[in-house]
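Note sheet for the following structure.
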Amino acid sequence: MEIKLSRSNRIYRPSEPLEGKIVIKSSASTSSISHYGIRLSINGSVNMQVRGGSAGVIESLYGAIKPIFIVKKIVEVRPAGKIASGITEIPFSLHIKQPGEENLERFYETFHGTNISIQYLLTADIVRGYLHKSLNATIEFIVESDKANIIERPVSPDMVVFYITQDTQKHPLLPELRKGGFRVYGKICTQCSLMDPISGELTVEASALPIRSIDVHLLREESVLVGERIITETSLVQTTQIADGDICRNLTLPIYVILPRLLTCPTILAGPFCIEFKVCLVISFQSDVSKLHSKSDPTTPRLWELVFVVFGTELEDHVLHKTARPQARDTYLEKLDQTIAITSFED
């Protein structure tokens with residue numbers, strides 16, 4: 001038995017009907033299958049966990065945290081009866097959310113992260129007697145925000161201008177790089193659609209060392225409330241290389257980063273969990289020291305790298321906002337105060 005949805009991309013909005021068919025295949029030699037009903041169930045939940053590397057000993061004991069249920073619905077598509085041998089197709093159409101219906105939680109968009117996963121599953125069950133094994137099949141479908149909740153795209157999005165030198169770096173640098181200097185400037189859009197790329201431009205004005213690579217890292221920050229603490233973990237979503245080798249000076253390079261749909265979602269500042277994003281620009285230089293090390297982690301800059309981070313990349317209903325990190329933190333804490341007293345936010 002398998003479930004086939006009407007849309008190949010499996011993307012639906014909460015107000016749209018979920019349509020498809022249940023396909024049951026049995027050999028011609030098999031007699032008809034008796035059952036006590038065929039049911040479809042929709043389950044949407046936010047699943048959270050805390051790994052040992054991102055938490056202390058006490059927090060690690062919690063392991064998997066109780067999930068947050070978004071929607072839980074069971075519908076009978078066929079009453080008790082028999083299924084003939086061969087191929088049987090049972091069409092279905094059901095609403096994820098009925099107009100005016102109260103839900104357990106807000107319909108968050110589908111997201112697959114390291115510690116937080118927002119998932120919607122459709123399960124078909126053929127209930128049989130105690131002497132027979134029940135048949136079931138499960139498929140995941142993707143939920144996006146309703147069109148009515150989508151913010152219109154701004155006519156002229158703001159751009160943030162950045163200027164990177166050896167003096168703007170807080171981590172140790174190679175002596176020749178610190179002494180010889182480095183200057184790069186550029187700009188990146190502060191607001192863009194989730195379905196559109198992150199765009200901008202970059203220009204290398206001067207560099208004491210030859211450049212090896214320029215990469216744009218998309219990072220996610222997942223925060224989970226465990227007891228009275230907030231456990232935050234930063235992980236890499238994807239890396240996009242915009243330059244390879246020692247590029248020409250005063251040459252404008254375009255920044256064009258396509259966002260992966262299942263690994264990104266609108267920024268969520270809920271009570272028990274939080275999902276945020278940020279963009280990290282890493283410039284690596286050719287050096288004998290860099291040859292002795294493997295590819296470095298973007299969250300821990302090395303001696304031969306310059307880093308520029310755009311904090312607080314906020315996505316809301318398909319619109320991407322890059323706001324100041326303290327604002328996002330304050331908003332998150334205000335919501336947490338409604339459930340538990342928090343004295344500080346621990347990164």
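Just so we're on the same page: first chain in the structure tokens is A, next is B, and so on; residues restart at 1 for each chain, and ligands are numbered from 1 in the order they show up.
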
Contacts of stretch 72-81 of chain A at 10 Å or less, counting only C-alpha atoms, minus same-chain residues fewer than 6 places along, as a ChimeraX atom specification?
/A:22,32-45,90-97,103-104,120-128

Hey, which of A:Gly227, A:Gly180, A:Gly186, A:Gly86 ends up closest to A:Leu253? Count only C-alpha atoms.
A:Gly186

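One distance worth recording is that between atom CA of A:His112 and atom CA of A:Ala243, which is 28.9 Å.
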
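One distance worth recording is that between atom CA of A:Val216 and atom CA of A:Val257, which is 7.8 Å.
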
Stretch 32-274 of chain A: residues DSSP assigns to strand (DSSP E or B), reported as an MDAnalysis selection string
chainID A and resid 33:35 38:49 64:78 81:83 86:95 111:112 116:126 135:140 142:143 159:165 182:189 191:193 198:207 211:226 229:244 252:257 268:269 273:274

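Taking atom CA of A:Ile268 as the reference point, atom CA of A:Leu218 is found at 16.8 Å.
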
Looking at A:Leu281, A:Leu177, A:Asp146, A:Cys265, which one is nearest to A:Phe162, with distances taken over only C-alpha atoms?
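Among A:Leu281, A:Leu177, A:Asp146, A:Cys265, it is A:Leu281 that comes nearest to A:Phe162.
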
Skip A:Ile258 itself and residues of its chain fewer than 2 positions away, then list as an MDAnalysis selection string all residues within 8 Å of it, counting only C-alpha atoms.
chainID A and resid 196:198 256 260

Based on DSSP run over this structure's backbone, return all residues of stretch 1-214 of chain A in alpha helix (DSSP H), as number ranges by chain.
A: 57-60, 175-180

Proximity to A:Pro254 - best of A:Leu131, A:Phe111, A:Ile214, A:Thr234, only C-alpha atoms
A:Ile214

Given only C-alpha atoms as the counted atoms, nearest of A:Arg51, A:Lys278, A:Arg106, A:Lys187 to A:Pro14:
A:Arg106

Just the residues within 12 Å of A:Ser117, please, counting only C-alpha atoms, with nothing from its chain fewer than 3 positions along; format it as a JSON list (two decimals) with C-alpha atoms, in the first residue's frame.
```json
[["chain", "number", "residue", "atom", "x", "y", "z"],
["A", 44, "GLY", "CA", 1.89, 17.71, 12.56],
["A", 45, "SER", "CA", 4.37, 18.31, 15.37],
["A", 46, "VAL", "CA", 7.49, 20.14, 16.47],
["A", 47, "ASN", "CA", 10.10, 17.62, 17.60],
["A", 48, "MET", "CA", 12.99, 18.81, 19.76],
["A", 49, "GLN", "CA", 16.06, 17.19, 21.25],
["A", 64, "ALA", "CA", 14.27, 14.04, 23.56],
["A", 65, "ILE", "CA", 11.86, 16.73, 24.76],
["A", 67, "PRO", "CA", 6.93, 17.28, 21.17],
["A", 68, "ILE", "CA", 4.54, 20.14, 20.48],
["A", 69, "PHE", "CA", 1.50, 18.97, 18.51],
["A", 108, "TYR", "CA", 4.65, 26.48, 11.44],
["A", 109, "GLU", "CA", 6.29, 25.84, 8.08],
["A", 110, "THR", "CA", 8.07, 22.53, 7.46],
["A", 111, "PHE", "CA", 11.66, 22.58, 8.74],
["A", 112, "HIS", "CA", 14.39, 19.98, 9.27],
["A", 113, "GLY", "CA", 17.19, 21.13, 11.55],
["A", 114, "THR", "CA", 19.73, 19.63, 13.89],
["A", 120, "TYR", "CA", 3.72, 16.95, 8.82],
["A", 222, "GLU", "CA", 18.34, 26.52, 17.16],
["A", 224, "VAL", "CA", 15.49, 24.90, 22.98],
["A", 262, "LEU", "CA", 13.52, 22.25, 3.65],
["A", 263, "LEU", "CA", 16.47, 23.51, 5.69],
["A", 264, "THR", "CA", 15.15, 27.06, 6.10],
["A", 265, "CYS", "CA", 11.87, 28.46, 7.37],
["A", 273, "PHE", "CA", 11.94, 26.90, 21.07],
["A", 274, "CYS", "CA", 13.50, 29.42, 18.69],
["A", 275, "ILE", "CA", 14.84, 29.16, 15.12]]
```
